[in-house]
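File shown: start_25.pdb (PDB, C-alpha atoms and all ligand atoms).
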```
ATOM      1  CA  MET A 114       0.016   0.478 -16.817
ATOM      2  CA  ARG A 115       0.948   2.854 -14.031
ATOM      3  CA  ILE A 116       1.032   1.867 -10.361
ATOM      4  CA  LEU A 117       1.347   4.098  -7.333
ATOM      5  CA  ALA A 118       2.958   2.175  -4.464
ATOM      6  CA  ILE A 119       2.566   3.217  -0.843
ATOM      7  CA  SER A 120       4.230   1.644   2.188
ATOM      8  CA  GLY A 121       2.540   2.132   5.537
ATOM      9  CA  SER A 122       5.925   1.938   7.273
ATOM     10  CA  ILE A 123       8.730   4.453   6.937
ATOM     11  CA  ARG A 124      11.199   2.265   8.879
ATOM     12  CA  ASN A 125      14.544   1.833   7.067
ATOM     13  CA  GLU A 126      14.336  -1.961   7.252
ATOM     14  CA  SER A 127      10.579  -2.052   6.655
ATOM     15  CA  SER A 128       9.251  -5.463   5.590
ATOM     16  CA  ASN A 129       6.342  -3.704   3.887
ATOM     17  CA  SER A 130       8.686  -1.596   1.748
ATOM     18  CA  ALA A 131      10.678  -4.786   1.001
ATOM     19  CA  LEU A 132       7.466  -6.533  -0.009
ATOM     20  CA  LEU A 133       6.629  -3.699  -2.402
ATOM     21  CA  LYS A 134      10.099  -4.121  -3.959
ATOM     22  CA  ALA A 135       9.448  -7.841  -4.329
ATOM     23  CA  ILE A 136       6.117  -7.157  -6.032
ATOM     24  CA  ARG A 137       7.704  -4.641  -8.361
ATOM     25  CA  ASN A 138      10.371  -7.263  -9.249
ATOM     26  CA  LEU A 139       7.634  -9.746 -10.173
ATOM     27  CA  LEU A 140       5.808  -7.348 -12.500
ATOM     28  CA  PRO A 141       6.693  -6.827 -16.180
ATOM     29  CA  ALA A 142       9.452  -4.250 -16.716
ATOM     30  CA  ASN A 143       7.196  -2.012 -18.846
ATOM     31  CA  ILE A 144       4.882  -1.267 -15.923
ATOM     32  CA  GLU A 145       5.467   2.212 -14.566
ATOM     33  CA  TRP A 146       5.927   1.846 -10.811
ATOM     34  CA  ILE A 147       6.029   4.941  -8.635
ATOM     35  CA  ASP A 148       7.043   4.660  -4.982
ATOM     36  CA  PHE A 149       5.552   7.440  -2.928
ATOM     37  CA  LYS A 150       7.025   8.186   0.497
ATOM     38  CA  VAL A 151       4.135   9.175   2.744
ATOM     39  CA  ASN A 152       6.440  11.021   5.143
ATOM     40  CA  GLU A 153       6.808  13.724   2.475
ATOM     41  CA  LEU A 154       3.254  14.817   3.256
ATOM     42  CA  PRO A 155       2.304  17.332   5.952
ATOM     43  CA  TYR A 156      -0.326  16.546   8.573
ATOM     44  CA  PHE A 157      -3.777  16.506   7.052
ATOM     45  CA  ASP A 158      -5.556  19.796   7.598
ATOM     46  CA  PRO A 159      -9.144  20.242   6.333
ATOM     47  CA  GLN A 160      -8.606  24.033   6.237
ATOM     48  CA  ILE A 161      -6.169  23.635   3.324
ATOM     49  CA  GLN A 162      -7.713  20.498   1.840
ATOM     50  CA  PHE A 163      -9.065  22.293  -1.240
ATOM     51  CA  GLY A 164      -8.238  25.374  -3.284
ATOM     52  CA  LEU A 165      -5.039  27.327  -3.761
ATOM     53  CA  GLU A 166      -3.536  26.496  -0.378
ATOM     54  CA  VAL A 167      -3.140  22.761  -1.020
ATOM     55  CA  PRO A 168       0.579  22.068  -0.284
ATOM     56  CA  PRO A 169       2.752  21.157  -3.331
ATOM     57  CA  SER A 170       3.617  17.675  -1.983
ATOM     58  CA  VAL A 171      -0.102  16.946  -1.641
ATOM     59  CA  GLN A 172      -0.812  18.241  -5.160
ATOM     60  CA  SER A 173       1.874  15.955  -6.515
ATOM     61  CA  PHE A 174       0.596  12.972  -4.490
ATOM     62  CA  ARG A 175      -2.973  13.548  -5.707
ATOM     63  CA  HIS A 176      -1.771  13.927  -9.282
ATOM     64  CA  LEU A 177       0.145  10.626  -9.091
ATOM     65  CA  ALA A 178      -2.919   8.925  -7.625
ATOM     66  CA  TYR A 179      -5.209  10.315 -10.356
ATOM     67  CA  GLU A 180      -2.807   9.242 -13.084
ATOM     68  CA  SER A 181      -2.358   5.696 -11.783
ATOM     69  CA  ASP A 182      -4.304   2.626 -12.875
ATOM     70  CA  TYR A 183      -3.810   0.930  -9.528
ATOM     71  CA  ILE A 184      -2.702   1.939  -6.072
ATOM     72  CA  VAL A 185      -0.759  -0.777  -4.243
ATOM     73  CA  ILE A 186      -0.545  -0.394  -0.468
ATOM     74  CA  SER A 187       1.523  -2.549   1.840
ATOM     75  CA  THR A 188       1.059  -1.873   5.521
ATOM     76  CA  PRO A 189       1.756  -3.194   8.992
ATOM     77  CA  GLU A 190      -0.772  -3.072  11.805
ATOM     78  CA  TYR A 191      -0.044  -0.655  14.625
ATOM     79  CA  ALA A 192      -1.944  -1.001  17.910
ATOM     80  CA  HIS A 193      -4.679  -2.929  16.095
ATOM     81  CA  GLY A 194      -5.165  -0.141  13.583
ATOM     82  CA  ILE A 195      -3.922   1.696  10.489
ATOM     83  CA  PRO A 196      -0.490   3.353  10.962
ATOM     84  CA  GLY A 197      -1.124   7.069  11.449
ATOM     85  CA  ILE A 198       1.200   8.056   8.643
ATOM     86  CA  LEU A 199      -0.764   5.957   6.131
ATOM     87  CA  LYS A 200      -4.142   7.205   7.343
ATOM     88  CA  ASN A 201      -2.783  10.741   7.071
ATOM     89  CA  ALA A 202      -1.845  10.135   3.418
ATOM     90  CA  LEU A 203      -5.268   8.653   2.643
ATOM     91  CA  GLU A 204      -7.010  11.649   4.192
ATOM     92  CA  TRP A 205      -5.189  13.900   1.712
ATOM     93  CA  LEU A 206      -6.709  11.816  -1.099
ATOM     94  CA  ILE A 207     -10.180  12.883  -0.031
ATOM     95  CA  CYS A 208     -10.641  15.651  -2.585
ATOM     96  CA  GLU A 209     -13.407  17.327  -4.628
ATOM     97  CA  GLU A 210     -13.355  14.599  -7.253
ATOM     98  CA  THR A 211     -13.394  11.059  -5.803
ATOM     99  CA  LEU A 212     -10.664   8.785  -7.084
ATOM    100  CA  LYS A 213     -12.437   5.438  -7.586
ATOM    101  CA  LYS A 214      -9.062   3.763  -8.082
ATOM    102  CA  ARG A 215      -8.484   0.039  -7.806
ATOM    103  CA  VAL A 216      -6.455  -0.588  -4.668
ATOM    104  CA  ILE A 217      -4.456  -3.749  -4.024
ATOM    105  CA  VAL A 218      -3.727  -4.184  -0.326
ATOM    106  CA  PHE A 219      -0.889  -6.147   1.244
ATOM    107  CA  VAL A 220      -0.834  -6.478   5.014
ATOM    108  CA  SER A 221       2.492  -7.526   6.493
ATOM    109  CA  SER A 222       2.210  -7.863  10.246
ATOM    110  CA  PRO A 223       3.523 -10.724  12.417
ATOM    111  CA  SER A 224       0.184 -11.419  14.097
ATOM    112  CA  GLY A 225      -1.857 -11.371  10.899
ATOM    113  CA  GLY A 226      -3.148  -7.840  10.827
ATOM    114  CA  ASP A 227      -6.874  -8.660  10.923
ATOM    115  CA  TYR A 228      -7.720  -5.284  12.422
ATOM    116  CA  VAL A 229      -5.741  -3.139  10.002
ATOM    117  CA  LYS A 230      -7.133  -5.121   7.093
ATOM    118  CA  GLU A 231     -10.714  -4.541   8.195
ATOM    119  CA  TYR A 232     -10.225  -0.850   9.011
ATOM    120  CA  LEU A 233      -8.216  -0.103   5.880
ATOM    121  CA  LEU A 234     -10.750  -1.741   3.582
ATOM    122  CA  GLU A 235     -13.555   0.152   5.310
ATOM    123  CA  THR A 236     -11.666   3.462   4.941
ATOM    124  CA  LEU A 237     -10.889   2.836   1.269
ATOM    125  CA  ARG A 238     -14.491   1.869   0.500
ATOM    126  CA  THR A 239     -15.732   4.973   2.279
ATOM    127  CA  MET A 240     -13.420   6.968   0.017
ATOM    128  CA  ASP A 241     -15.074   5.273  -3.012
ATOM    129  CA  MET A 242     -11.950   3.313  -3.897
ATOM    130  CA  VAL A 243     -12.422  -0.036  -5.583
ATOM    131  CA  VAL A 244     -11.204  -2.730  -3.176
ATOM    132  CA  THR A 245     -12.462  -6.140  -2.078
ATOM    133  CA  GLU A 246     -11.308  -8.993   0.168
ATOM    134  CA  GLU A 247     -10.053 -10.723  -2.993
ATOM    135  CA  MET A 248      -7.774  -7.754  -3.683
ATOM    136  CA  THR A 249      -6.089  -8.220  -0.307
ATOM    137  CA  PHE A 250      -3.101 -10.385   0.597
ATOM    138  CA  VAL A 251      -1.990 -11.006   4.169
ATOM    139  CA  ILE A 252       1.505 -12.150   5.084
ATOM    140  CA  ARG A 253       2.962 -12.799   8.537
ATOM    141  CA  SER A 254       6.496 -13.793   7.586
ATOM    142  CA  ALA A 255       7.755 -10.951   5.386
ATOM    143  CA  ARG A 256      10.433  -9.925   7.895
ATOM    144  CA  LYS A 257      11.951 -13.397   7.555
ATOM    145  CA  ASP A 258      11.132 -14.285   3.952
ATOM    146  CA  VAL A 259      11.569 -11.044   1.995
ATOM    147  CA  SER A 260      14.987  -9.385   1.754
ATOM    148  CA  LYS A 261      15.522  -5.634   1.710
ATOM    149  CA  LEU A 262      16.216  -5.908  -2.030
ATOM    150  CA  GLY A 263      12.900  -7.640  -2.584
ATOM    151  CA  ASP A 264      14.019 -11.249  -2.957
ATOM    152  CA  ILE A 265      11.487 -13.759  -1.659
ATOM    153  CA  SER A 266      13.355 -16.706  -0.129
ATOM    154  CA  ASP A 267      10.308 -18.877   0.568
ATOM    155  CA  HIS A 268       9.216 -20.611  -2.626
ATOM    156  CA  SER A 269       5.611 -21.249  -1.626
ATOM    157  CA  LEU A 270       5.192 -17.633  -0.525
ATOM    158  CA  LYS A 271       6.564 -16.443  -3.868
ATOM    159  CA  THR A 272       4.163 -18.752  -5.717
ATOM    160  CA  SER A 273       1.201 -17.498  -3.654
ATOM    161  CA  ILE A 274       2.113 -13.874  -4.374
ATOM    162  CA  ILE A 275       2.429 -14.585  -8.100
ATOM    163  CA  GLU A 276      -0.976 -16.322  -8.113
ATOM    164  CA  PHE A 277      -2.460 -13.378  -6.234
ATOM    165  CA  LEU A 278      -0.968 -10.858  -8.690
ATOM    166  CA  LYS A 279      -2.483 -12.878 -11.544
ATOM    167  CA  SER A 280      -5.882 -12.959  -9.842
ATOM    168  CA  VAL A 281      -5.952  -9.165  -9.517
ATOM    169  CA  GLY A 282      -4.780  -8.649 -13.108
ATOM    170  CA  LEU A 283      -1.322  -7.220 -12.411
ATOM    171  CA  ILE A 284       0.486 -10.037 -14.195
ATOM    172  CA  SER A 285      -0.679 -12.207 -17.040
ATOM    173  CA  ASN A 286      -1.748 -15.832 -16.626
ATOM    174  CA  ASN A 287       1.162 -16.927 -18.842
ATOM    175  CA  TYR A 288       3.744 -15.787 -16.265
TER     176      TYR A 288
HETATM  177  C1  LIG B 301       3.950   0.886  17.673
HETATM  178  C2  LIG B 301       3.785  -0.506  17.108
HETATM  179  C3  LIG B 301       2.593  -1.168  17.276
HETATM  180  C4  LIG B 301       2.410  -2.436  16.718
HETATM  181  N1  LIG B 301       1.202  -3.051  16.835
HETATM  182  C5  LIG B 301       0.987  -4.237  16.199
HETATM  183  C6  LIG B 301      -0.298  -4.816  16.171
HETATM  184  O1  LIG B 301      -1.253  -4.309  16.737
HETATM  185  N2  LIG B 301      -0.461  -5.967  15.478
HETATM  186  C7  LIG B 301       0.590  -6.572  14.808
HETATM  187  O2  LIG B 301       0.387  -7.591  14.149
HETATM  188  N3  LIG B 301       1.821  -6.030  14.833
HETATM  189  C8  LIG B 301       2.045  -4.901  15.496
HETATM  190  N4  LIG B 301       3.274  -4.322  15.493
HETATM  191  C9  LIG B 301       4.376  -5.031  14.846
HETATM  192  C10 LIG B 301       4.510  -4.600  13.402
HETATM  193  O3  LIG B 301       3.411  -5.060  12.652
HETATM  194  C11 LIG B 301       5.783  -5.185  12.841
HETATM  195  O4  LIG B 301       6.874  -4.608  13.520
HETATM  196  C12 LIG B 301       5.921  -4.965  11.353
HETATM  197  O5  LIG B 301       7.003  -5.714  10.860
HETATM  198  C13 LIG B 301       6.149  -3.506  11.033
HETATM  199  O6  LIG B 301       6.196  -3.343   9.646
HETATM  200  P1  LIG B 301       7.545  -2.947   8.900
HETATM  201  O7  LIG B 301       8.460  -4.156   8.993
HETATM  202  O8  LIG B 301       7.126  -2.699   7.481
HETATM  203  O9  LIG B 301       8.120  -1.751   9.568
HETATM  204  C14 LIG B 301       3.478  -3.063  16.037
HETATM  205  C15 LIG B 301       4.700  -2.383  15.896
HETATM  206  C16 LIG B 301       4.854  -1.117  16.409
HETATM  207  C17 LIG B 301       6.151  -0.375  16.212
END
```
Re-express the file's structure as C-alpha cells.
Amino acid sequence: MRILAISGSIRNESSNSALLKAIRNLLPANIEWIDFKVNELPYFDPQIQFGLEVPPSVQSFRHLAYESDYIVISTPEYAHGIPGILKNALEWLICEETLKKRVIVFVSSPSGGDYVKEYLLETLRTMDMVVTEEMTFVIRSARKDVSKLGDISDHSLKTSIIEFLKSVGLISNNY
C-alpha cells in the first residue's frame, strides 16, 4: 500500500506534521509512506494547469497522488478556513483526469477546527475525492500530546487514533 501524506502546516514545530509522523509510526513497516512538502509547489496558475507547461514539482506531486492508494492530510485551521498553502496544493490536483482517491483527514487545531473540516471535505468532494465524515479525525491537543518525533504521550488519544486507523482500513483489526 502506498500513502501520500500532506501536512497543511509548514511550521518547523508543526503539530500536524508531528501527527503524521505518529500515524506513520503506527502503520506496518511495509507501507510505503511518502511525505510531500506543499511549499515545494508554485502558486496555482490555471494558465499552466495543463499541457507542457505544468511545472516539474507539480508533475511529480500529481504523479505521487495518482500512484497512491490513500492520501492522508493533516491540517490546522487558519482564520476559520483551509490554510492557503494546502488549498494551493489541492488546486494543482485538479487535472484532466480526476483522481478519485480515498482521503483520510486529520484536523489538528486547538479550537476544534469545525470550519476547516467542513470546507476541506467540501473541496475534496468537489474534486471527486472519496472522503466522508467517518474518514475524518479531529484532535485539539496534538501540540501537547504528540512529540516532534511522533510519540503520542496520551494513552487514550493513541488508542482512539489506532481505532480510527482500523476503521478506515489503514491497519488491520489484529493490531
Ligand atoms: C494565522 C493563524 C490563524 C489561525 N486561525 C485559527 C482558527 O481559525 N481556528 C483554530 O482552531 N486555530 C487557529 N489557529 C491556531 C492553529 O490552529 C494552531 O496554531 C495549530 O497548532 C497550527 O498547526 P501546526 O501546529 O501544525 O502548525 C491559527 C493560527 C494561525 C497562525
So how many Å separate atom CA of A:Ala135 and atom CA of A:Leu199, to one decimal?
->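 Atom-to-atom, atom CA of A:Ala135 to atom CA of A:Leu199, that is 20.1 Å.
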Can you build me a table of chain A residues sitting at most 12 Å from ligand LIG 301 (chain B), with the closest atom pair per residue and its distance in Å to one decimal, using only C-alpha atoms and all ligand atoms, sorted by chain and residue number, as a tab-separated table?
```
residue	atom	partner	partner_atom	distance
A:Ile119	CA	B:LIG301	O8	11.2
A:Ser120	CA	B:LIG301	O8	7.4
A:Gly121	CA	B:LIG301	O8	6.9
A:Ser122	CA	B:LIG301	O8	4.8
A:Ile123	CA	B:LIG301	O9	6.8
A:Arg124	CA	B:LIG301	O9	5.1
A:Asn125	CA	B:LIG301	O9	7.8
A:Glu126	CA	B:LIG301	O7	6.5
A:Ser127	CA	B:LIG301	O8	3.6
A:Ser128	CA	B:LIG301	O7	3.7
A:Asn129	CA	B:LIG301	O8	3.8
A:Ser130	CA	B:LIG301	O8	6.0
A:Ala131	CA	B:LIG301	O8	7.7
A:Leu132	CA	B:LIG301	O8	8.4
A:Leu133	CA	B:LIG301	O8	9.9
A:Lys134	CA	B:LIG301	O8	11.9
A:Ile186	CA	B:LIG301	O8	11.3
A:Ser187	CA	B:LIG301	O8	8.0
A:Thr188	CA	B:LIG301	O8	6.4
A:Pro189	CA	B:LIG301	O3	4.4
A:Glu190	CA	B:LIG301	N2	4.7
A:Tyr191	CA	B:LIG301	N1	3.5
A:Ala192	CA	B:LIG301	O1	3.6
A:His193	CA	B:LIG301	O1	3.7
A:Gly194	CA	B:LIG301	O1	6.5
A:Ile195	CA	B:LIG301	O1	9.1
A:Pro196	CA	B:LIG301	C3	8.4
A:Gly197	CA	B:LIG301	C1	10.1
A:Ile198	CA	B:LIG301	C1	11.9
A:Leu199	CA	B:LIG301	O8	11.8
A:Phe219	CA	B:LIG301	O8	10.7
A:Val220	CA	B:LIG301	O3	8.9
A:Ser221	CA	B:LIG301	O6	6.4
A:Ser222	CA	B:LIG301	O3	3.9
A:Pro223	CA	B:LIG301	O2	4.8
A:Ser224	CA	B:LIG301	O2	3.8
A:Gly225	CA	B:LIG301	O2	5.5
A:Gly226	CA	B:LIG301	O2	4.9
A:Asp227	CA	B:LIG301	O2	8.0
A:Tyr228	CA	B:LIG301	O1	7.8
A:Val229	CA	B:LIG301	N2	8.1
A:Lys230	CA	B:LIG301	O2	10.6
A:Val251	CA	B:LIG301	O2	10.8
A:Ile252	CA	B:LIG301	O2	10.2
A:Arg253	CA	B:LIG301	O2	8.1
A:Ser254	CA	B:LIG301	O5	8.7
A:Ala255	CA	B:LIG301	O5	7.6
A:Arg256	CA	B:LIG301	O5	6.2
A:Lys257	CA	B:LIG301	O5	9.7
A:Asp258	CA	B:LIG301	O7	11.6
A:Val259	CA	B:LIG301	O7	10.3
A:Ser260	CA	B:LIG301	O7	11.1
A:Lys261	CA	B:LIG301	O7	10.3
```
Show which residues sit within 8 Å of A:Arg115, as a PyMOL selection string. Count all atoms listed in the file, and ignore same-chain residues fewer than 4 positions away.
-> chain A and resi 144-147+180-183
Closest of A:Lys279, A:Arg137, A:Lys150, A:Lys200 to A:Met248 - atom-to-atom distances counting only C-alpha atoms | A:Lys279
Distance criterion (all atoms listed in the file): nearest to A:Leu237 out of A:Val171, A:Gly282, A:Asn138, A:Glu204 = A:Glu204
Please provide the set of residues having any atom within 10 Å of A:Glu247, restricted to all atoms listed in the file, with same-chain residues fewer than 3 positions apart removed, written as a list of chain:residue names.
->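 Close residues of A:Glu247: A:Ile217, A:Val218, A:Val244, A:Phe250, A:Phe277, A:Ser280, A:Val281.
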Interatomic distance, atom CA of A:Asn287 to atom CA of A:Thr272 (Å, one decimal) = 13.6 Å
So how many Å separate atom CA of A:Leu203 and atom CA of A:Leu283, to one decimal?
->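 Value for the atom CA of A:Leu203-atom CA of A:Leu283 distance: 22.2 Å.
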A:Phe174, A:Phe157, A:Tyr232, A:Phe163 ranked by distance to A:Glu210, top pick (using only C-alpha atoms) | A:Phe163
Minimum-distance residue to A:Val243, chosen among A:Ile265, A:Val185, A:Met114, A:Tyr288 (using only C-alpha atoms) =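 Among the listed residues, A:Val185 lies closest to A:Val243.
Of the residues under consideration (A:Leu139, A:Val167, A:Leu117, A:Ala202), A:Ala202 shows the shortest atom-to-atom contact distance to A:Glu153 when counting only C-alpha atoms.
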Identify which of the residues A:Cys208, A:Leu270, A:Met240, A:Leu278 lies closest to A:Pro159, counting all atoms listed in the file when measuring atom-to-atom distances.
->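 Checking each of A:Cys208, A:Leu270, A:Met240, A:Leu278 against A:Pro159, counting all atoms listed in the file, the winner is A:Cys208.
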Expected axis-aligned box over every listed atom of stretch 165-171 of chain A, 8 Å added per side, centre plus edges in Å to one decimal, as AutoDock Vina command-line options:
```
--center_x -0.7 --center_y 22.1 --center_z -2.0 --size_x 24.7 --size_y 26.4 --size_z 19.5
```
Add whatever atoms are absent from stretch 213-225 of chain A to reach N, CA and C atoms, and provide the output as an mmCIF file, in the coordinates of the input.
```cif
data_model
loop_
_atom_site.group_PDB
_atom_site.id
_atom_site.type_symbol
_atom_site.label_atom_id
_atom_site.label_comp_id
_atom_site.auth_asym_id
_atom_site.auth_seq_id
_atom_site.Cartn_x
_atom_site.Cartn_y
_atom_site.Cartn_z
ATOM 1 N N LYS A 213 -11.940 6.718 -7.055
ATOM 2 C CA LYS A 213 -12.437 5.438 -7.586
ATOM 3 C C LYS A 213 -11.331 4.586 -8.199
ATOM 4 N N LYS A 214 -10.175 4.567 -7.574
ATOM 5 C CA LYS A 214 -9.062 3.763 -8.082
ATOM 6 C C LYS A 214 -9.131 2.350 -7.533
ATOM 7 N N ARG A 215 -8.602 1.402 -8.315
ATOM 8 C CA ARG A 215 -8.484 0.039 -7.806
ATOM 9 C C ARG A 215 -7.291 0.005 -6.851
ATOM 10 N N VAL A 216 -7.528 -0.536 -5.670
ATOM 11 C CA VAL A 216 -6.455 -0.588 -4.668
ATOM 12 C C VAL A 216 -6.173 -2.047 -4.304
ATOM 13 N N ILE A 217 -4.898 -2.419 -4.434
ATOM 14 C CA ILE A 217 -4.456 -3.749 -4.024
ATOM 15 C C ILE A 217 -3.779 -3.572 -2.665
ATOM 16 N N VAL A 218 -4.230 -4.367 -1.689
ATOM 17 C CA VAL A 218 -3.727 -4.184 -0.326
ATOM 18 C C VAL A 218 -2.909 -5.399 0.125
ATOM 19 N N PHE A 219 -1.692 -5.129 0.571
ATOM 20 C CA PHE A 219 -0.889 -6.147 1.244
ATOM 21 C C PHE A 219 -0.795 -5.744 2.710
ATOM 22 N N VAL A 220 -1.001 -6.723 3.590
ATOM 23 C CA VAL A 220 -0.834 -6.478 5.014
ATOM 24 C C VAL A 220 0.301 -7.369 5.489
ATOM 25 N N SER A 221 1.378 -6.747 5.958
ATOM 26 C CA SER A 221 2.492 -7.526 6.493
ATOM 27 C C SER A 221 2.660 -7.186 7.956
ATOM 28 N N SER A 222 2.116 -8.051 8.798
ATOM 29 C CA SER A 222 2.210 -7.863 10.246
ATOM 30 C C SER A 222 2.359 -9.241 10.883
ATOM 31 N N PRO A 223 3.253 -9.397 11.864
ATOM 32 C CA PRO A 223 3.523 -10.724 12.417
ATOM 33 C C PRO A 223 2.291 -11.445 12.952
ATOM 34 N N SER A 224 1.328 -10.704 13.523
ATOM 35 C CA SER A 224 0.184 -11.419 14.097
ATOM 36 C C SER A 224 -1.006 -11.490 13.142
ATOM 37 N N GLY A 225 -0.781 -11.163 11.877
ATOM 38 C CA GLY A 225 -1.857 -11.371 10.899
ATOM 39 C C GLY A 225 -2.523 -10.102 10.414
#
```
